[in-house]
>>> print(open('run33.cif').read())   # mmCIF, C-alpha atoms
data_start
loop_
_atom_site.label_atom_id
_atom_site.label_comp_id
_atom_site.auth_asym_id
_atom_site.auth_seq_id
_atom_site.Cartn_x
_atom_site.Cartn_y
_atom_site.Cartn_z
CA MET A 1 10.43 42.12 -28.51
CA PRO A 2 10.94 41.80 -32.29
CA LEU A 3 7.92 40.69 -34.36
CA HIS A 4 8.87 38.20 -37.07
CA ASP A 5 6.06 38.56 -39.64
CA THR A 6 7.80 36.88 -42.58
CA ASP A 7 7.18 33.88 -44.81
CA ALA A 8 10.79 32.72 -44.46
CA LEU A 9 11.16 29.12 -43.31
CA ILE A 10 14.09 29.71 -40.96
CA ILE A 11 13.99 32.51 -38.41
CA GLU A 12 17.33 32.85 -36.64
CA THR A 13 17.27 34.76 -33.36
CA ALA A 14 19.77 35.85 -30.77
CA THR A 15 17.59 37.70 -28.24
CA ALA A 16 15.64 36.40 -25.25
CA ALA A 17 12.21 37.76 -26.24
CA GLU A 18 10.74 37.16 -29.71
CA SER A 19 7.23 37.18 -31.20
CA LEU A 20 5.28 35.71 -34.09
CA PRO A 21 2.16 37.14 -35.75
CA ASP A 22 -1.35 36.05 -34.79
CA PRO A 23 -1.66 32.42 -36.00
CA THR A 24 -5.23 33.07 -37.19
CA THR A 25 -3.91 35.51 -39.82
CA VAL A 26 -1.24 33.23 -41.34
CA ALA A 27 -2.82 29.77 -41.65
CA GLY A 28 -0.42 27.19 -43.09
CA ARG A 29 2.72 29.24 -42.47
CA THR A 30 5.69 27.19 -41.21
CA HIS A 31 8.84 28.41 -39.44
CA GLU A 32 11.96 26.83 -38.03
CA LEU A 33 12.76 28.96 -34.95
CA ALA A 34 16.54 28.72 -34.54
CA ASN A 35 18.06 30.14 -31.35
CA THR A 36 21.71 31.15 -31.83
CA ALA A 37 21.93 32.93 -28.46
CA THR A 38 23.54 31.66 -25.27
CA VAL A 39 20.24 32.04 -23.36
CA SER A 40 16.78 30.60 -23.97
CA ALA A 41 14.50 32.53 -26.34
CA VAL A 42 10.87 32.93 -25.25
CA TRP A 43 8.44 33.30 -28.16
CA SER A 44 5.03 34.92 -27.83
CA ALA A 45 2.12 35.69 -30.18
CA PRO A 46 -1.26 37.42 -29.85
CA GLY A 47 -3.91 35.47 -27.94
CA ALA A 48 -4.16 33.79 -24.54
CA THR A 49 -2.67 30.45 -25.68
CA PRO A 50 -1.33 30.89 -29.21
CA PHE A 51 0.92 27.79 -29.08
CA LEU A 52 0.05 24.09 -29.00
CA VAL A 53 2.97 22.17 -27.47
CA ASP A 54 2.57 18.37 -27.42
CA GLY A 55 -1.20 18.82 -27.53
CA VAL A 56 -1.28 21.32 -24.64
CA PRO A 57 -2.21 24.99 -25.25
CA ALA A 58 0.54 27.34 -24.04
CA ALA A 59 0.96 31.11 -23.72
CA THR A 60 4.63 31.07 -24.82
CA LEU A 61 7.19 28.79 -26.44
CA THR A 62 10.73 28.49 -25.06
CA VAL A 63 13.52 27.53 -27.45
CA LEU A 64 16.65 26.54 -25.55
CA ALA A 65 20.01 28.09 -26.44
CA GLY A 66 21.54 26.48 -29.51
CA ARG A 67 18.32 24.62 -30.38
CA ALA A 68 15.53 25.00 -32.93
CA ARG A 69 11.78 24.27 -32.89
CA ARG A 70 9.46 23.96 -35.90
CA VAL A 71 6.03 25.62 -35.74
CA GLN A 72 3.13 25.72 -38.17
CA SER A 73 -0.06 27.77 -37.98
CA ASP A 74 -3.20 25.64 -38.21
CA GLY A 75 -5.33 28.80 -38.47
CA THR A 76 -5.98 28.80 -34.71
CA ARG A 77 -2.61 28.23 -32.99
CA TRP A 78 1.07 27.81 -33.73
CA VAL A 79 1.39 24.00 -33.54
CA VAL A 80 4.85 23.02 -32.28
CA ALA A 81 6.39 19.91 -33.86
CA PRO A 82 7.11 17.25 -31.24
CA THR A 83 10.67 17.12 -30.00
CA ALA A 84 12.78 14.14 -30.99
CA ALA A 85 13.21 13.19 -27.34
CA ARG A 86 11.88 14.20 -23.99
CA ARG A 87 14.00 16.51 -21.87
CA VAL A 88 16.28 14.83 -19.32
CA PHE A 89 17.91 16.41 -16.25
CA ALA A 90 20.60 14.54 -14.30
CA ALA A 91 22.51 15.87 -11.29
CA THR A 92 23.93 15.08 -7.88
CA ALA A 93 23.73 16.97 -4.59
CA VAL A 94 24.96 16.36 -1.07
CA SER A 95 22.41 16.17 1.75
CA ASP A 96 22.55 18.92 4.38
CA ALA A 97 22.27 18.63 8.18
CA SER A 98 18.50 18.07 7.88
CA GLY A 99 19.07 15.32 5.31
CA ASN A 100 17.72 17.43 2.44
CA ALA A 101 19.20 17.65 -1.05
CA THR A 102 17.59 20.25 -3.32
CA PHE A 103 17.77 20.31 -7.12
CA THR A 104 16.76 23.29 -9.29
CA PHE A 105 15.72 22.63 -12.91
CA THR A 106 17.06 25.41 -15.16
CA PRO A 107 15.09 26.13 -17.22
CA ALA A 108 12.03 24.76 -15.48
CA PHE A 109 10.07 21.89 -17.03
CA ALA A 110 6.63 22.69 -18.48
CA ALA A 111 5.10 20.41 -15.79
CA ALA A 112 6.47 18.38 -12.89
CA PRO A 113 8.84 15.73 -14.33
CA VAL A 114 9.07 12.05 -13.44
CA VAL A 115 12.04 11.56 -11.09
CA SER A 116 14.22 8.68 -9.97
CA VAL A 117 16.55 8.86 -6.99
CA GLY A 118 19.74 7.00 -6.11
CA LEU A 119 21.87 7.27 -2.99
CA ALA A 120 25.64 6.95 -2.53
CA THR A 121 26.97 6.84 1.03
CA THR A 122 29.58 5.03 3.11
CA ASN A 123 27.06 4.84 5.98
CA THR A 124 26.37 1.20 6.90
CA ASN A 125 23.04 1.86 8.61
CA ALA A 126 19.74 1.22 6.88
CA THR A 127 19.12 4.28 4.69
CA GLU A 128 16.23 5.69 2.68
CA ALA A 129 15.82 8.51 0.22
CA ARG A 130 12.40 9.91 -0.61
CA VAL A 131 11.12 12.79 -2.69
CA THR A 132 9.48 15.28 -0.32
CA ALA A 133 8.74 18.09 -2.81
CA LEU A 134 8.46 18.11 -6.59
CA SER A 135 7.46 20.89 -8.96
CA ALA A 136 8.24 21.94 -12.52
CA SER A 137 11.18 24.01 -11.24
CA SER A 138 12.72 21.97 -8.40
CA CYS A 139 12.88 18.74 -6.42
CA THR A 140 13.77 18.11 -2.78
CA VAL A 141 14.92 14.68 -1.59
CA ASN A 142 15.14 13.79 2.11
CA VAL A 143 17.68 11.19 3.21
CA ARG A 144 17.39 9.33 6.54
CA GLN A 145 19.26 6.59 8.33
CA SER A 146 18.11 4.06 10.94
CA PRO A 147 20.94 2.76 13.11
CA GLY A 148 20.49 -0.85 14.19
CA VAL A 149 20.76 -2.08 17.77
CA VAL A 150 20.59 -5.55 19.29
CA ILE A 151 18.24 -5.97 22.27
CA LEU A 152 18.17 -9.37 23.94
CA GLY A 153 19.62 -10.94 20.80
CA ILE A 154 17.05 -9.33 18.48
CA SER A 155 18.14 -6.75 15.89
CA VAL A 156 15.89 -3.70 15.75
CA LEU A 157 16.12 -0.40 13.94
CA GLN A 158 16.14 2.87 15.84
CA VAL A 159 13.96 5.81 14.93
CA PRO A 160 15.03 7.26 11.53
CA GLN A 161 17.21 10.36 11.71
CA PRO A 162 18.52 12.77 9.04
CA LEU A 163 21.60 11.61 7.14
CA SER A 164 24.01 14.44 6.39
CA GLY A 165 26.71 14.19 3.72
CA ALA A 166 25.12 11.54 1.50
CA THR A 167 25.37 12.02 -2.27
CA VAL A 168 21.94 11.99 -3.91
CA HIS A 169 21.68 11.19 -7.62
CA LEU A 170 18.56 12.55 -9.35
CA LEU A 171 17.28 11.77 -12.83
CA ALA A 172 14.29 13.85 -13.97
CA ILE A 173 12.54 13.15 -17.26
CA GLU A 174 9.78 15.14 -18.93
CA ALA A 175 6.53 13.25 -18.38
CA GLY A 176 4.78 11.64 -21.33
CA GLN A 177 4.79 8.67 -23.66
CA GLY A 178 6.75 7.87 -26.77
CA VAL A 179 10.03 9.37 -27.83
#
>>> encode(input="run33.cif", output="structure tokens")
Amino acid sequence: MPLHDTDALIIETATAAESLPDPTTVAGRTHELANTATVSAVWSAPGATPFLVDGVPAATLTVLAGRARRVQSDGTRWVVAPTAARRVFAATAVSDASGNATFTFTPAFAAAPVVSVGLATTNTNATEARVTALSASSCTVNVRQSPGVVILGISVLQVPQPLSGATVHLLAIEAGQGV
């Protein structure tokens, strides 16, 4: 893991593991960490939580492939400039025989994102889609259908059952306020 102890503004990297000096020894120093690799670069520095990302202390800083992040030492931590926008993940998956559609966030979010679910199906029964598991790295959505029956002229729904083959649309957005 290369140590970049320089006063240069731009540090261009192409490896997955990089490091900065202890932020307590370089107060006021600013860097633009540019990742020119095809994989994410994970930055580290001495200390348990040497980075401050959106106000939250962190042990490492991940710079996505082809992206850059600005950091500045405040004499205690490397303070990461806020991103221009929150991270967004959008994908579709088809529900399996149990009615589950699983999504994997690559790379994982820093914390569980806020998700919204949509359902596309040709099934004419009453359907529902609900998030059954959510973490920083994945989300599982369960899809069910309730066939309707008419008993003595009254429409009633049967017990919900898994809906296989439905297309689930998932939108996951990094939690927070502002841009």
>>> closest_residue(input="run33.cif", among="A:Ala120, A:Leu20, A:Ala34, A:Val80", to="A:Ser95", atoms="all atoms listed in the file")
A:Ala120
>>> closest_residue(input="run33.cif", among="A:Val150, A:Ala45, A:Ala126, A:Ala58", to="A:Pro23", atoms="only C-alpha atoms")
A:Ala45
>>> closest_residue(input="run33.cif", among="A:Trp78, A:Glu18, A:Val26, A:Pro46", to="A:Thr62", atoms="only C-alpha atoms")
A:Glu18
>>> resolve_selection(input="run33.cif", expression="the PyMOL selection byres ((chain A and resi 141) around 6)", output="JSON, numbers by chain")
{"A": [100, 101, 130, 131, 132, 140, 142]}
>>> axis_aligned_box(input="run33.cif", around="stretch 87-94 of chain A", padding_each_side="3 Å", output="JSON")
{"center_x": 19.5, "center_y": 15.8, "center_z": -11.5, "size_x": 17.0, "size_y": 8.4, "size_z": 26.8}
>>> closest_residue(input="run33.cif", among="A:Pro162, A:Thr127, A:Ala37, A:Ala175", to="A:Gly148", atoms="all atoms listed in the file")
A:Thr127
>>> atom_distance(input="run33.cif", atom1="atom CA of A:Thr167", atom2="atom CA of A:Glu128")
12.2 Å
>>> resolve_selection(input="run33.cif", expression="the PyMOL selection byres ((chain A and resi 102-113) around 6)", output="ChimeraX atom specification")
/A:101,114,135-140,172-175
>>> build_atoms(input="run33.cif", residues="stretch 35-46 of chain A", atoms="all heavy atoms", output="tab-separated table (two decimals), in the coordinates of the input")
chain	number	residue	atom	x	y	z
A	35	ASN	N	17.52	29.26	-32.39
A	35	ASN	CA	18.06	30.14	-31.35
A	35	ASN	C	19.58	30.05	-31.35
A	35	ASN	O	20.15	29.05	-30.94
A	35	ASN	CB	17.50	29.75	-29.98
A	35	ASN	CG	17.98	30.67	-28.88
A	35	ASN	OD1	18.70	31.64	-29.13
A	35	ASN	ND2	17.60	30.39	-27.66
A	36	THR	N	20.25	31.12	-31.80
A	36	THR	CA	21.71	31.15	-31.83
A	36	THR	C	22.31	31.85	-30.61
A	36	THR	O	23.51	32.02	-30.54
A	36	THR	CB	22.20	31.86	-33.12
A	36	THR	OG1	21.66	33.18	-33.13
A	36	THR	CG2	21.76	31.10	-34.36
A	37	ALA	N	21.46	32.22	-29.66
A	37	ALA	CA	21.93	32.93	-28.46
A	37	ALA	C	22.48	31.94	-27.43
A	37	ALA	O	22.39	30.73	-27.59
A	37	ALA	CB	20.78	33.72	-27.85
A	38	THR	N	23.04	32.48	-26.37
A	38	THR	CA	23.54	31.66	-25.27
A	38	THR	C	22.51	31.54	-24.15
A	38	THR	O	22.79	30.91	-23.13
A	38	THR	CB	24.85	32.24	-24.71
A	38	THR	OG1	24.60	33.59	-24.28
A	38	THR	CG2	25.95	32.22	-25.74
A	39	VAL	N	21.35	32.14	-24.33
A	39	VAL	CA	20.24	32.04	-23.36
A	39	VAL	C	18.99	31.57	-24.11
A	39	VAL	O	18.90	31.68	-25.33
A	39	VAL	CB	19.94	33.39	-22.66
A	39	VAL	CG1	21.12	33.85	-21.84
A	39	VAL	CG2	19.56	34.46	-23.68
A	40	SER	N	18.02	31.06	-23.37
A	40	SER	CA	16.78	30.60	-23.97
A	40	SER	C	16.01	31.77	-24.58
A	40	SER	O	16.03	32.88	-24.05
A	40	SER	CB	15.91	29.92	-22.92
A	40	SER	OG	16.53	28.75	-22.46
A	41	ALA	N	15.34	31.52	-25.70
A	41	ALA	CA	14.50	32.53	-26.34
A	41	ALA	C	13.04	32.17	-26.04
A	41	ALA	O	12.63	31.03	-26.23
A	41	ALA	CB	14.72	32.55	-27.85
A	42	VAL	N	12.28	33.14	-25.55
A	42	VAL	CA	10.87	32.93	-25.25
A	42	VAL	C	10.05	33.61	-26.34
A	42	VAL	O	10.13	34.82	-26.52
A	42	VAL	CB	10.51	33.47	-23.85
A	42	VAL	CG1	9.03	33.28	-23.57
A	42	VAL	CG2	11.35	32.79	-22.78
A	43	TRP	N	9.26	32.81	-27.06
A	43	TRP	CA	8.44	33.30	-28.16
A	43	TRP	C	7.02	33.54	-27.67
A	43	TRP	O	6.48	32.78	-26.87
A	43	TRP	CB	8.41	32.27	-29.28
A	43	TRP	CG	9.69	32.22	-30.05
A	43	TRP	CD1	10.82	31.54	-29.73
A	43	TRP	CD2	9.98	32.92	-31.26
A	43	TRP	NE1	11.79	31.75	-30.67
A	43	TRP	CE2	11.30	32.59	-31.62
A	43	TRP	CE3	9.25	33.77	-32.08
A	43	TRP	CZ2	11.92	33.10	-32.76
A	43	TRP	CZ3	9.86	34.27	-33.22
A	43	TRP	CH2	11.17	33.93	-33.56
A	44	SER	N	6.42	34.61	-28.16
A	44	SER	CA	5.03	34.92	-27.83
A	44	SER	C	4.30	35.22	-29.14
A	44	SER	O	4.91	35.35	-30.19
A	44	SER	CB	4.95	36.13	-26.89
A	44	SER	OG	5.48	37.28	-27.53
A	45	ALA	N	2.97	35.32	-29.04
A	45	ALA	CA	2.12	35.69	-30.18
A	45	ALA	C	0.81	36.19	-29.59
A	45	ALA	O	0.50	35.91	-28.42
A	45	ALA	CB	1.90	34.49	-31.09
A	46	PRO	N	0.03	36.93	-30.36
A	46	PRO	CA	-1.26	37.42	-29.85
A	46	PRO	C	-2.18	36.26	-29.46
A	46	PRO	O	-2.16	35.21	-30.08
A	46	PRO	CB	-1.84	38.20	-31.02
A	46	PRO	CG	-0.64	38.62	-31.82
A	46	PRO	CD	0.33	37.48	-31.69
